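Enquirer: Sharing upload08.txt here; it has compact mmCIF, C-alpha atoms.
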# COMPACT_ATOMS: atom_id res chain seq x y z
CA MET A 294 26.74 3.93 8.01
CA VAL A 295 23.06 3.85 7.03
CA ARG A 296 21.76 7.32 6.08
CA VAL A 297 18.12 7.85 7.05
CA LEU A 298 15.50 10.43 6.11
CA LEU A 299 12.65 10.77 8.67
CA VAL A 300 9.20 11.66 7.30
CA ASP A 301 6.35 12.46 9.70
CA ASP A 302 4.13 15.49 10.07
CA HIS A 303 4.44 15.41 13.88
CA PRO A 304 7.69 16.97 15.20
CA VAL A 305 7.40 15.05 18.47
CA VAL A 306 7.24 11.74 16.61
CA ARG A 307 10.24 12.64 14.47
CA ALA A 308 12.18 13.64 17.59
CA GLY A 309 11.34 10.34 19.25
CA LEU A 310 12.37 8.29 16.24
CA LYS A 311 15.57 10.30 15.85
CA ALA A 312 16.48 9.77 19.51
CA LEU A 313 15.89 6.05 19.11
CA LEU A 314 18.04 5.85 15.98
CA GLU A 315 20.83 7.78 17.64
CA THR A 316 21.26 4.94 20.13
CA THR A 317 23.10 3.00 17.43
CA GLU A 318 26.33 4.13 15.78
CA HIS A 319 25.42 2.50 12.49
CA VAL A 320 22.60 4.93 11.63
CA GLU A 321 22.77 8.62 10.76
CA VAL A 322 19.67 10.80 10.39
CA VAL A 323 20.56 13.05 7.46
CA GLY A 324 17.26 14.88 7.15
CA GLU A 325 13.64 15.29 8.22
CA ALA A 326 10.45 16.07 6.32
CA SER A 327 6.96 16.95 7.51
CA SER A 328 5.00 16.27 4.31
CA GLY A 329 4.97 13.96 1.32
CA GLU A 330 6.04 16.74 -1.01
CA GLU A 331 8.97 17.64 1.21
CA ALA A 332 9.91 13.97 1.52
CA VAL A 333 10.17 13.59 -2.26
CA GLU A 334 12.31 16.71 -2.58
CA LYS A 335 14.64 15.77 0.27
CA ALA A 336 14.97 12.22 -1.00
CA ARG A 337 16.08 13.72 -4.32
CA THR A 338 18.63 16.09 -2.79
CA LEU A 339 19.92 14.06 0.17
CA GLU A 340 19.82 10.59 -1.47
CA PRO A 341 19.34 8.68 1.80
CA ASP A 342 19.74 4.92 2.04
CA ILE A 343 16.43 4.52 3.87
CA VAL A 344 13.34 6.69 4.16
CA ILE A 345 11.18 6.15 7.25
CA MET A 346 7.74 7.10 5.99
CA ASP A 347 4.57 8.00 7.85
CA LEU A 348 1.30 7.45 5.95
CA ALA A 349 -1.25 9.99 7.17
CA MET A 350 0.01 13.45 6.19
CA PRO A 351 -1.73 16.51 4.76
CA GLY A 352 -1.42 16.95 1.01
CA MET A 353 0.55 14.10 -0.53
CA ASP A 354 0.14 11.09 1.75
CA GLY A 355 2.77 8.48 2.55
CA VAL A 356 1.66 5.98 -0.09
CA GLN A 357 1.87 8.62 -2.82
CA ALA A 358 5.22 9.86 -1.55
CA THR A 359 6.53 6.29 -1.42
CA ARG A 360 5.56 5.77 -5.05
CA ARG A 361 7.14 9.06 -6.14
CA ILE A 362 10.41 8.33 -4.33
CA ALA A 363 10.54 4.81 -5.74
CA GLU A 364 10.04 6.26 -9.23
CA LEU A 365 13.07 8.52 -8.76
CA GLY A 366 15.27 5.44 -9.08
CA LEU A 367 17.72 6.62 -6.43
CA GLY A 368 17.91 3.28 -4.67
CA ALA A 369 16.44 4.61 -1.43
CA LYS A 370 14.53 1.90 0.43
CA ILE A 371 11.34 2.91 2.17
CA LEU A 372 10.21 1.66 5.57
CA VAL A 373 6.63 2.61 6.41
CA VAL A 374 6.22 3.31 10.12
CA THR A 375 2.61 4.10 10.94
CA ILE A 376 -0.16 3.84 13.50
CA HIS A 377 -2.54 2.57 10.82
CA ASP A 378 -3.75 -1.00 10.60
CA GLU A 379 -2.04 -3.41 8.24
CA ASP A 380 -5.40 -4.66 6.96
CA GLU A 381 -6.02 -1.41 5.10
CA TYR A 382 -2.60 0.03 4.34
CA LEU A 383 -0.10 -2.84 4.03
CA VAL A 384 -0.83 -3.86 0.45
CA PRO A 385 -1.07 -0.28 -0.96
CA ALA A 386 2.23 0.61 0.72
CA LEU A 387 4.02 -2.45 -0.65
CA ASN A 388 2.53 -1.93 -4.10
CA ALA A 389 3.84 1.65 -4.03
CA GLY A 390 7.36 0.37 -3.46
CA ALA A 391 7.85 0.11 0.31
CA ALA A 392 10.43 -2.44 1.45
CA GLY A 393 8.98 -2.79 4.92
CA PHE A 394 6.03 -2.02 7.16
CA LEU A 395 6.14 -1.42 10.92
CA ASN A 396 3.52 -0.24 13.37
CA LYS A 397 4.63 2.69 15.53
CA SER A 398 3.63 0.76 18.64
CA ALA A 399 6.52 -1.64 17.94
CA ALA A 400 9.05 0.96 16.82
CA HIS A 401 10.87 1.10 20.15
CA THR A 402 11.75 -2.60 19.91
CA ASP A 403 11.80 -3.33 16.17
CA LEU A 404 12.81 -0.18 14.30
CA ILE A 405 16.58 -0.67 14.34
CA GLY A 406 16.24 -4.32 13.36
CA ALA A 407 13.93 -3.33 10.50
CA ILE A 408 16.45 -0.79 9.23
CA GLU A 409 19.27 -3.33 9.41
CA ALA A 410 17.22 -5.89 7.47
CA ILE A 411 16.23 -3.41 4.76
CA SER A 412 19.72 -1.97 4.45
CA HIS A 413 20.99 -5.49 3.68
CA GLY A 414 18.51 -5.91 0.85
CA HIS A 415 15.79 -7.79 2.71
CA SER A 416 12.16 -6.84 3.14
CA TYR A 417 10.78 -6.39 6.63
CA LEU A 418 7.31 -7.37 7.79
CA PRO A 419 6.17 -8.21 11.32
CA GLN A 420 4.91 -11.75 11.70
CA HIS A 421 1.23 -10.77 11.70
CA ALA A 422 1.71 -8.64 8.58
CA ALA A 423 3.43 -11.49 6.76
CA ALA A 424 0.56 -13.76 7.79
CA LEU A 425 -1.91 -11.22 6.41
CA LEU A 426 -0.12 -11.19 3.05
CA ALA A 427 -0.10 -14.98 2.93
CA ARG A 428 -3.80 -15.09 3.74
CA ARG A 429 -4.64 -12.58 1.02
CA LYS A 430 -2.51 -14.46 -1.49
CA ALA A 431 -4.46 -17.60 -0.67
CA GLN A 432 -7.73 -15.71 -1.04
CA ARG A 433 -6.68 -14.42 -4.47
CA ALA A 434 -5.72 -17.92 -5.57
CA GLN A 435 -9.02 -19.28 -4.28
CA GLY A 436 -10.94 -16.51 -6.02
CA ARG A 437 -9.16 -17.10 -9.34
CA GLU A 438 -9.82 -20.83 -9.06
CA ALA A 439 -13.47 -20.38 -8.23
CA GLY A 440 -13.92 -17.63 -10.82
CA PRO A 441 -17.12 -15.65 -11.17
CA ASN A 442 -19.17 -18.57 -9.82
CA VAL A 443 -18.49 -17.40 -6.25
CA LEU A 444 -20.31 -14.11 -6.95
CA SER A 445 -24.02 -13.42 -6.79
CA ALA A 446 -25.71 -12.08 -9.90
CA ARG A 447 -25.72 -8.54 -8.51
CA GLU A 448 -22.07 -8.75 -7.43
CA LEU A 449 -21.10 -10.05 -10.85
CA ALA A 450 -23.00 -7.25 -12.61
CA ALA A 451 -21.38 -4.62 -10.39
CA VAL A 452 -17.91 -6.03 -11.06
CA GLU A 453 -18.49 -6.13 -14.82
CA LEU A 454 -19.71 -2.52 -15.01
CA TYR A 455 -17.06 -1.21 -12.59
CA ALA A 456 -14.30 -3.03 -14.48
CA SER A 457 -15.51 -1.48 -17.73
CA GLY A 458 -14.54 1.93 -16.35
CA LEU A 459 -17.76 3.18 -14.73
CA SER A 460 -17.68 4.79 -11.32
CA ALA A 461 -19.73 3.39 -8.44
CA SER A 462 -22.30 6.15 -9.07
CA GLU A 463 -22.50 5.36 -12.81
CA THR A 464 -22.68 1.63 -12.06
CA GLY A 465 -25.56 2.34 -9.67
CA LYS A 466 -27.47 4.22 -12.36
CA GLU A 467 -27.05 1.30 -14.76
CA MET A 468 -28.25 -1.18 -12.11
CA GLY A 469 -30.93 1.05 -10.58
CA LEU A 470 -29.13 1.08 -7.24
CA SER A 471 -27.59 3.68 -4.97
CA PRO A 472 -23.80 4.19 -5.11
CA LYS A 473 -23.57 2.95 -1.50
CA THR A 474 -25.30 -0.31 -2.43
CA VAL A 475 -22.97 -0.75 -5.40
CA GLU A 476 -19.97 -0.16 -3.17
CA SER A 477 -21.31 -2.83 -0.82
CA TYR A 478 -21.62 -5.32 -3.70
CA LEU A 479 -18.12 -4.46 -4.90
CA ALA A 480 -16.67 -4.83 -1.41
CA ARG A 481 -18.23 -8.29 -1.02
CA ALA A 482 -17.03 -9.31 -4.47
CA LYS A 483 -13.48 -8.15 -3.76
CA ALA A 484 -13.48 -9.98 -0.44
CA LYS A 485 -14.65 -13.22 -2.11
CA LEU A 486 -12.07 -12.91 -4.89
CA GLY A 487 -9.19 -11.59 -2.79
CA LEU A 488 -8.94 -8.42 -4.88
CA HIS A 489 -8.21 -4.87 -3.72
CA THR A 490 -7.74 -2.40 -6.58
CA ARG A 491 -9.60 -1.49 -9.77
CA ARG A 492 -6.63 -2.81 -11.75
CA GLU A 493 -7.03 -6.22 -10.11
CA ILE A 494 -10.77 -6.16 -10.77
CA VAL A 495 -10.16 -5.35 -14.45
CA ARG A 496 -7.62 -8.17 -14.71
CA PHE A 497 -10.09 -10.60 -13.13
CA ALA A 498 -12.90 -9.45 -15.43
CA LEU A 499 -10.69 -9.95 -18.49
CA GLU A 500 -9.54 -13.40 -17.37
CA ALA A 501 -13.12 -14.40 -16.60
CA GLY A 502 -14.35 -13.22 -20.01
CA LEU A 503 -16.54 -10.49 -18.55
CA LEU A 504 -14.95 -7.76 -20.68
CA ARG A 505 -14.31 -7.53 -24.37
CA THR A 506 -10.90 -6.47 -25.64
CA GLU A 507 -10.32 -4.58 -28.89
CA GLY A 508 -9.59 -7.83 -30.66
CA ASP A 509 -12.89 -9.44 -29.69
CA HIS A 510 -15.76 -9.54 -32.15
How does the structure come out when it is put into structure tokens?
Expert:
Amino acid sequence: MVRVLLVDDHPVVRAGLKALLETTEHVEVVGEASSGEEAVEKARTLEPDIVIMDLAMPGMDGVQATRRIAELGLGAKILVVTIHDEDEYLVPALNAGAAGFLNKSAAHTDLIGAIEAISHGHSYLPQHAAALLARRKAQRAQGREAGPNVLSARELAAVELYASGLSASETGKEMGLSPKTVESYLARAKAKLGLHTRREIVRFALEAGLLRTEGDH
């Protein structure tokens, strides 16, 4: 029996998911939560096998709650079920510790299969989401191979200052640009390099020799 915790701030959605899960005898819904904070607490007390996690919730969102539950070390596997587009949320959710990602529009056909896959130790991604990951991996590899040469002078300057710890606003002051313009340069640079987070930008800047470490003279 797979023990499931449902997390969604909409009672109607939780009821629909619960009704769907109750069509199989192999799944038991052991609890429900309507917020990220409640999800973390119930994951701690109920110790479910799988947490079905929404992303957009007031207070602590689903990505933060996923990370907190993963850090508990309870062994609960997290399946993100959301209406949000994979392009924006897939990578943050997986980086936070999610084992799978499913759009709510496909839940009625794919949810039980996703739970079965995750409960057996596999990850679960729809075909288009897996293709997105592969494409981004290729972009990162291409960006690392091309290095800073793919960036314009302004993009390179924005990346260097941002990677050094400055905010977009502070970077703009250094470059004599508005924060919105800096964000545009950073977005183009990240797209060219296949990067998404500040940590990845810092790593790239270090590897490209754009930043000095404590040991440099």
Enquirer: Enclose stretch 337-348 of chain A, meaning all of its atoms listed in the file, in a box aligned along x, y and z, pad it by 4 Å on each side, and list the centre and edge lengths in Å to one decimal, as lines of an AutoDock Vina configuration file.
Expert:
center_x = 10.6
center_y = 10.3
center_z = 1.8
size_x = 26.6
size_y = 19.6
size_z = 20.2
Enquirer: Residues within 8 Å of A:Leu449, please, as a ChimeraX atom specification. Count all atoms listed in the file; anything in the same chain fewer than 5 positions from it doesn't count.
Expert: /A:441,444,482
Enquirer: Pick out the residues sitting within 10 Å of A:Glu340, and hand them over as a ChimeraX atom specification; count all atoms listed in the file, and ignore anything fewer than 6 positions along from it in its own chain.
Expert: /A:296-298,323-324,334,367-369
Enquirer: In terms of the shortest atom-to-atom distance over only C-alpha atoms, which of A:Glu493, A:Asp301, A:Glu500, A:Glu448 is closest to A:Tyr478?
Expert: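 Residue with the minimum atom-to-atom distance to A:Tyr478: A:Glu448.
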Enquirer: Taking (-3.6, -0.4, -1.6) in the file's own coordinates, collect the residues within 12 Å, counting only C-alpha atoms, and hand them back as a list in words.
Expert: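 Those within range, by chain then number, are Leu348, Gly355, Val356, Gln357, Arg360, Glu379, Asp380, Glu381, Tyr382, Leu383, Val384, Pro385, Ala386, Leu387, Asn388, Ala389, Gly390, Ala391, Leu488, His489, Thr490, Arg491, Arg492 and Glu493 of chain A.
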Enquirer: Between atom CA of A:Leu470 and atom CA of A:Ala450, what is the distance in Å, rounded to a tenth?
Expert: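 We find that atom CA of A:Leu470 and atom CA of A:Ala450 lie 11.7 Å from each other.
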Enquirer: Smallest atom-to-atom distance to A:Ala484: which of A:Arg361, A:Ser412, A:Val443, A:Met350, using all atoms listed in the file?
Expert: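 Answer, going by the shortest atom-to-atom distance: A:Val443.
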Enquirer: Would you list the contacts of A:Arg447 as number ranges by chain, taking every protein, DNA or RNA residue within 10 Å and counting only C-alpha atoms, but skipping same-chain residues closer than 5 positions in sequence?
Expert: A: 452-453, 468, 475, 478-479, 482
Enquirer: Could the residues in this selection be saved with C-alpha atoms as a tab-separated table (two decimals), in the coordinates of the input?
Expert:
chain	number	residue	atom	x	y	z
A	452	VAL	CA	-17.91	-6.03	-11.06
A	453	GLU	CA	-18.49	-6.13	-14.82
A	468	MET	CA	-28.25	-1.18	-12.11
A	475	VAL	CA	-22.97	-0.75	-5.40
A	478	TYR	CA	-21.62	-5.32	-3.70
A	479	LEU	CA	-18.12	-4.46	-4.90
A	482	ALA	CA	-17.03	-9.31	-4.47
Enquirer: Might you pull out every residue within 12 Å of A:Ser416, with all atoms listed in the file counted and same-chain residues fewer than 2 positions away left off, and present them as a PyMOL selection string?
Expert: chain A and resi 370-373+387+390-395+406-414+418-419+422-423
Enquirer: Smallest atom-to-atom distance to A:Gly329: which of A:Gly469, A:Gly352, A:Gly502, A:Pro304, using only C-alpha atoms?
Expert: A:Gly352
Enquirer: Around (5.8, 9.1, 8.5) in the file's own coordinates, what residues are found within 9 Å if you use all atoms listed in the file, given back as a list in words?
Expert: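 Looking at atoms near the point gives Leu299, Val300, Asp301, Asp302, His303, Val306, Arg307, Ala326, Ser327, Ser328, Gly329, Ile345, Met346, Asp347, Leu348, Ala349, Met350, Gly355, Val373, Val374 and Thr375 of chain A.
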Enquirer: What would the file look like if the residues just selected were written as a PDB file, keeping the file's coordinate frame with C-alpha atoms?
Expert:
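Writing the result to result_10.pdb gives the following:
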ATOM      1  CA  LEU A 299      12.650  10.770   8.670  1.00  0.00           C
ATOM      2  CA  VAL A 300       9.200  11.660   7.300  1.00  0.00           C
ATOM      3  CA  ASP A 301       6.350  12.460   9.700  1.00  0.00           C
ATOM      4  CA  ASP A 302       4.130  15.490  10.070  1.00  0.00           C
ATOM      5  CA  HIS A 303       4.440  15.410  13.880  1.00  0.00           C
ATOM      6  CA  VAL A 306       7.240  11.740  16.610  1.00  0.00           C
ATOM      7  CA  ARG A 307      10.240  12.640  14.470  1.00  0.00           C
ATOM      8  CA  ALA A 326      10.450  16.070   6.320  1.00  0.00           C
ATOM      9  CA  SER A 327       6.960  16.950   7.510  1.00  0.00           C
ATOM     10  CA  SER A 328       5.000  16.270   4.310  1.00  0.00           C
ATOM     11  CA  GLY A 329       4.970  13.960   1.320  1.00  0.00           C
ATOM     12  CA  ILE A 345      11.180   6.150   7.250  1.00  0.00           C
ATOM     13  CA  MET A 346       7.740   7.100   5.990  1.00  0.00           C
ATOM     14  CA  ASP A 347       4.570   8.000   7.850  1.00  0.00           C
ATOM     15  CA  LEU A 348       1.300   7.450   5.950  1.00  0.00           C
ATOM     16  CA  ALA A 349      -1.250   9.990   7.170  1.00  0.00           C
ATOM     17  CA  MET A 350       0.010  13.450   6.190  1.00  0.00           C
ATOM     18  CA  GLY A 355       2.770   8.480   2.550  1.00  0.00           C
ATOM     19  CA  VAL A 373       6.630   2.610   6.410  1.00  0.00           C
ATOM     20  CA  VAL A 374       6.220   3.310  10.120  1.00  0.00           C
ATOM     21  CA  THR A 375       2.610   4.100  10.940  1.00  0.00           C
TER      22      THR A 375
END
Enquirer: Grab the atom CA of A:Ala332 to atom CA of A:Leu365 distance for me, in Å with one decimal place.
Expert: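 Atom-to-atom, atom CA of A:Ala332 and atom CA of A:Leu365 are spaced 12.1 Å apart.
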Enquirer: Name the closest residue to A:Ile343 among the candidates A:Leu313, A:His377, A:Val295, A:Ile362; distances are taken between atoms, counting all atoms listed in the file.
Expert: A:Val295
Enquirer: Between atom CA of A:Ala358 and atom CA of A:Arg337, measure the distance and give it in Å to one decimal.
Expert: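 Taking atom CA of A:Ala358 as the start and atom CA of A:Arg337 as the end point, the length is 11.9 Å.
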Enquirer: Smallest atom-to-atom distance to A:Thr402: which of A:Thr464, A:Ile494, A:Leu310, A:Glu364, using all atoms listed in the file?
Expert: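 Under the stated criterion, the closest residue is A:Leu310.
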Enquirer: From the set A:Leu314, A:Thr338, A:Met294, A:Glu325, which residue has the shortest atom-to-atom contact distance to A:His401, counting only C-alpha atoms?
Expert: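 Selected residue with least distance to A:His401: A:Leu314.
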Enquirer: Just add N, CA and C atoms to stretch 326-352 of chain A and send it as a PDB file, keeping the file's coordinate frame.
Expert:
ATOM      1  N   ALA A 326      11.475  15.456   7.156  1.00  0.00           N
ATOM      2  CA  ALA A 326      10.450  16.070   6.320  1.00  0.00           C
ATOM      3  C   ALA A 326       9.107  15.951   7.023  1.00  0.00           C
ATOM      4  N   SER A 327       8.255  16.935   6.832  1.00  0.00           N
ATOM      5  CA  SER A 327       6.960  16.950   7.510  1.00  0.00           C
ATOM      6  C   SER A 327       5.786  16.742   6.559  1.00  0.00           C
ATOM      7  N   SER A 328       6.065  16.491   5.288  1.00  0.00           N
ATOM      8  CA  SER A 328       5.000  16.270   4.310  1.00  0.00           C
ATOM      9  C   SER A 328       5.507  15.357   3.204  1.00  0.00           C
ATOM     10  N   GLY A 329       4.575  14.811   2.434  1.00  0.00           N
ATOM     11  CA  GLY A 329       4.970  13.960   1.320  1.00  0.00           C
ATOM     12  C   GLY A 329       5.766  14.704   0.279  1.00  0.00           C
ATOM     13  N   GLU A 330       5.338  15.937  -0.014  1.00  0.00           N
ATOM     14  CA  GLU A 330       6.040  16.740  -1.010  1.00  0.00           C
ATOM     15  C   GLU A 330       7.480  17.020  -0.582  1.00  0.00           C
ATOM     16  N   GLU A 331       7.641  17.366   0.688  1.00  0.00           N
ATOM     17  CA  GLU A 331       8.970  17.640   1.210  1.00  0.00           C
ATOM     18  C   GLU A 331       9.823  16.372   1.222  1.00  0.00           C
ATOM     19  N   ALA A 332       9.191  15.245   1.497  1.00  0.00           N
ATOM     20  CA  ALA A 332       9.910  13.970   1.520  1.00  0.00           C
ATOM     21  C   ALA A 332      10.499  13.651   0.144  1.00  0.00           C
ATOM     22  N   VAL A 333       9.697  13.867  -0.900  1.00  0.00           N
ATOM     23  CA  VAL A 333      10.170  13.590  -2.260  1.00  0.00           C
ATOM     24  C   VAL A 333      11.355  14.484  -2.601  1.00  0.00           C
ATOM     25  N   GLU A 334      11.237  15.769  -2.267  1.00  0.00           N
ATOM     26  CA  GLU A 334      12.310  16.710  -2.580  1.00  0.00           C
ATOM     27  C   GLU A 334      13.582  16.383  -1.802  1.00  0.00           C
ATOM     28  N   LYS A 335      13.452  16.067  -0.519  1.00  0.00           N
ATOM     29  CA  LYS A 335      14.640  15.770   0.270  1.00  0.00           C
ATOM     30  C   LYS A 335      15.256  14.424  -0.100  1.00  0.00           C
ATOM     31  N   ALA A 336      14.423  13.490  -0.520  1.00  0.00           N
ATOM     32  CA  ALA A 336      14.970  12.220  -1.000  1.00  0.00           C
ATOM     33  C   ALA A 336      15.813  12.461  -2.250  1.00  0.00           C
ATOM     34  N   ARG A 337      15.352  13.392  -3.086  1.00  0.00           N
ATOM     35  CA  ARG A 337      16.080  13.720  -4.320  1.00  0.00           C
ATOM     36  C   ARG A 337      17.412  14.413  -4.008  1.00  0.00           C
ATOM     37  N   THR A 338      17.413  15.310  -3.055  1.00  0.00           N
ATOM     38  CA  THR A 338      18.630  16.090  -2.790  1.00  0.00           C
ATOM     39  C   THR A 338      19.593  15.400  -1.829  1.00  0.00           C
ATOM     40  N   LEU A 339      19.062  14.686  -0.839  1.00  0.00           N
ATOM     41  CA  LEU A 339      19.920  14.060   0.170  1.00  0.00           C
ATOM     42  C   LEU A 339      20.351  12.637  -0.193  1.00  0.00           C
ATOM     43  N   GLU A 340      19.543  11.967  -1.049  1.00  0.00           N
ATOM     44  CA  GLU A 340      19.820  10.590  -1.470  1.00  0.00           C
ATOM     45  C   GLU A 340      20.111   9.687  -0.270  1.00  0.00           C
ATOM     46  N   PRO A 341      19.159   9.546   0.640  1.00  0.00           N
ATOM     47  CA  PRO A 341      19.340   8.680   1.800  1.00  0.00           C
ATOM     48  C   PRO A 341      19.320   7.205   1.400  1.00  0.00           C
ATOM     49  N   ASP A 342      19.821   6.365   2.277  1.00  0.00           N
ATOM     50  CA  ASP A 342      19.740   4.920   2.040  1.00  0.00           C
ATOM     51  C   ASP A 342      18.340   4.409   2.356  1.00  0.00           C
ATOM     52  N   ILE A 343      17.753   4.949   3.414  1.00  0.00           N
ATOM     53  CA  ILE A 343      16.430   4.520   3.870  1.00  0.00           C
ATOM     54  C   ILE A 343      15.578   5.733   4.196  1.00  0.00           C
ATOM     55  N   VAL A 344      14.317   5.672   3.805  1.00  0.00           N
ATOM     56  CA  VAL A 344      13.340   6.690   4.160  1.00  0.00           C
ATOM     57  C   VAL A 344      12.340   6.050   5.121  1.00  0.00           C
ATOM     58  N   ILE A 345      12.207   6.607   6.312  1.00  0.00           N
ATOM     59  CA  ILE A 345      11.180   6.150   7.250  1.00  0.00           C
ATOM     60  C   ILE A 345       9.958   7.010   7.014  1.00  0.00           C
ATOM     61  N   MET A 346       8.892   6.376   6.543  1.00  0.00           N
ATOM     62  CA  MET A 346       7.740   7.100   5.990  1.00  0.00           C
ATOM     63  C   MET A 346       6.470   6.900   6.809  1.00  0.00           C
ATOM     64  N   ASP A 347       5.899   8.019   7.259  1.00  0.00           N
ATOM     65  CA  ASP A 347       4.570   8.000   7.850  1.00  0.00           C
ATOM     66  C   ASP A 347       3.545   7.936   6.709  1.00  0.00           C
ATOM     67  N   LEU A 348       2.311   7.547   7.004  1.00  0.00           N
ATOM     68  CA  LEU A 348       1.300   7.450   5.950  1.00  0.00           C
ATOM     69  C   LEU A 348       0.327   8.613   5.945  1.00  0.00           C
ATOM     70  N   ALA A 349      -0.209   8.959   7.107  1.00  0.00           N
ATOM     71  CA  ALA A 349      -1.250   9.990   7.170  1.00  0.00           C
ATOM     72  C   ALA A 349      -0.599  11.362   7.304  1.00  0.00           C
ATOM     73  N   MET A 350      -0.543  12.091   6.198  1.00  0.00           N
ATOM     74  CA  MET A 350       0.010  13.450   6.190  1.00  0.00           C
ATOM     75  C   MET A 350      -0.859  14.332   5.314  1.00  0.00           C
ATOM     76  N   PRO A 351      -0.941  15.611   5.610  1.00  0.00           N
ATOM     77  CA  PRO A 351      -1.730  16.510   4.760  1.00  0.00           C
ATOM     78  C   PRO A 351      -1.099  16.628   3.372  1.00  0.00           C
ATOM     79  N   GLY A 352      -1.936  16.867   2.378  1.00  0.00           N
ATOM     80  CA  GLY A 352      -1.420  16.950   1.010  1.00  0.00           C
ATOM     81  C   GLY A 352      -1.093  15.560   0.487  1.00  0.00           C
TER      82      GLY A 352
END
